[in-house]
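To start, the structure itself, in structure tokens.
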Amino acid sequence: MKLIPEVEVSQTTASRAYARELFTAMAAYVVAVLVTVKFTPDVDPLLRVPFVLIPLIPSAFALRAYLRFLGRMDELGRRIQLEALAIGFGAAGMLTFAYGFLENAGFPQLSYVFVFPLMICLWGLGGAVATRRYQ
Amino acid sequence: MKNTLKVLRAERDWSQAELADRLAVSRQTVNALETGKYDPSLPLAFKIAQLFGRRIEDVFDPHAG
């Protein structure tokens, strides 16, 4: 199986398939998180590690949906994604490091689960900037 | 790079969305091509030329824009 299968389809079809695949994966993810958070205390300590990692399975399907979407995207769409990811990646690196330095100056320590949502927001912002460049 | 995409499309009375569907690209891509904000890859340029029954150099002018 190819990691990013390149398929030529209408872009409307590609967007619809992505929306459907991503929605299914995210719905499963929400259920997986709710279930694992609720039942972790009841789970045998020996099985607790694999149990709390169950949400990784629907996450992998979400990643798969995005990679399939990339493969179905037209060439300008891919370029915009590259620019959006570059902006998001760089800005997230700068901001998280800046906050790390601020922690040295006494700012409260934050959990690193905030890093990924921040990356997603900056990726979205990068997407808006990159899209405008070609309008 | 300048191109005659908009004229060729108008001759056939196609909307940007219609042309986009025929090329399997987004409407946004057709718009970016027409306004010269984005130059297509060689395979896409050939596909565009073939769709309109022209040669690449009749659609795209490397000396302008």
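Note on naming: chains are A, B, ... as they come in the structure tokens, residues start from 1 per chain, ligands start from 1 in the order shown.
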Between chain A and chain B, at 8 Å or less, what are the per-residue closest atom pairs and their distances in Å? Count only C-alpha atoms, order by chain and rising residue number, and return it as a Markdown table.
| residue | atom | partner | partner_atom | distance |
| --- | --- | --- | --- | --- |
| A:Glu8 | CA | B:Ala24 | CA | 6.6 |
| A:Val9 | CA | B:Ala24 | CA | 5.8 |
| A:Ser10 | CA | B:Ala24 | CA | 4.6 |
| A:Gln11 | CA | B:Ser26 | CA | 5.3 |
| A:Thr12 | CA | B:Ser26 | CA | 7.6 |
| A:Met73 | CA | B:Val25 | CA | 7.7 |
| A:Asp74 | CA | B:Val25 | CA | 5.3 |
| A:Glu75 | CA | B:Ser41 | CA | 7.8 |
| A:Leu76 | CA | B:Thr29 | CA | 6.2 |
| A:Gly77 | CA | B:Thr29 | CA | 7.7 |
| A:Arg133 | CA | B:Lys37 | CA | 7.9 |
| A:Tyr134 | CA | B:Lys37 | CA | 5.5 |
| A:Gln135 | CA | B:Ala32 | CA | 6.1 |
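For Asp61 (chain B), the residues within 7 Å (counting only C-alpha atoms, excluding itself and residues fewer than 2 positions away along the chain) are Met1, Lys2, Asn3, Glu57, Val59, His63 and Ala64 of chain B.
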Based on the backbone DSSP call, show me all residues of chain B assigned strand (DSSP E), as a PyMOL selection string. chain B and resi 2-3+60-61
I need the residues from that last selection saved to file as a PDB file, in the first residue's frame (with C-alpha atoms), if you can.
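The result, stored in part14.pdb:
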ATOM      1  CA  LYS B   2       0.569  34.831 -19.741  1.00  0.00           C
ATOM      2  CA  ASN B   3      -1.959  32.445 -21.233  1.00  0.00           C
ATOM      3  CA  PHE B  60       1.016  29.701 -22.860  1.00  0.00           C
ATOM      4  CA  ASP B  61       3.357  32.532 -23.763  1.00  0.00           C
TER       5      ASP B  61
END
Considering only C-alpha atoms, return as a count of residues only whatever protein or nucleic-acid residues lie within 10 Å of Pro5 (chain A), sequence-local ones (same chain, fewer than 6 positions apart) excluded. 6
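Note that CA of Pro55 (chain A) and CA of Ala32 (chain A) are 5.2 Å apart.
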Distance of CA of Leu122 (chain A) from CA of Leu110 (chain A), expressed in Å to one decimal place: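 About the pair CA of Leu110 (chain A) and CA of Leu122 (chain A): they are 18.2 Å apart.
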Skipping near chain neighbours, those fewer than 4 positions away, what residues fall within 10 Å of region 36-39 of chain A using only C-alpha atoms, listed as a list of chain:residue names? A:Val30, A:Val31, A:Ala32, A:Val43, A:Arg48, A:Phe51, A:Val52, A:Leu53, A:Ile54, A:Pro55
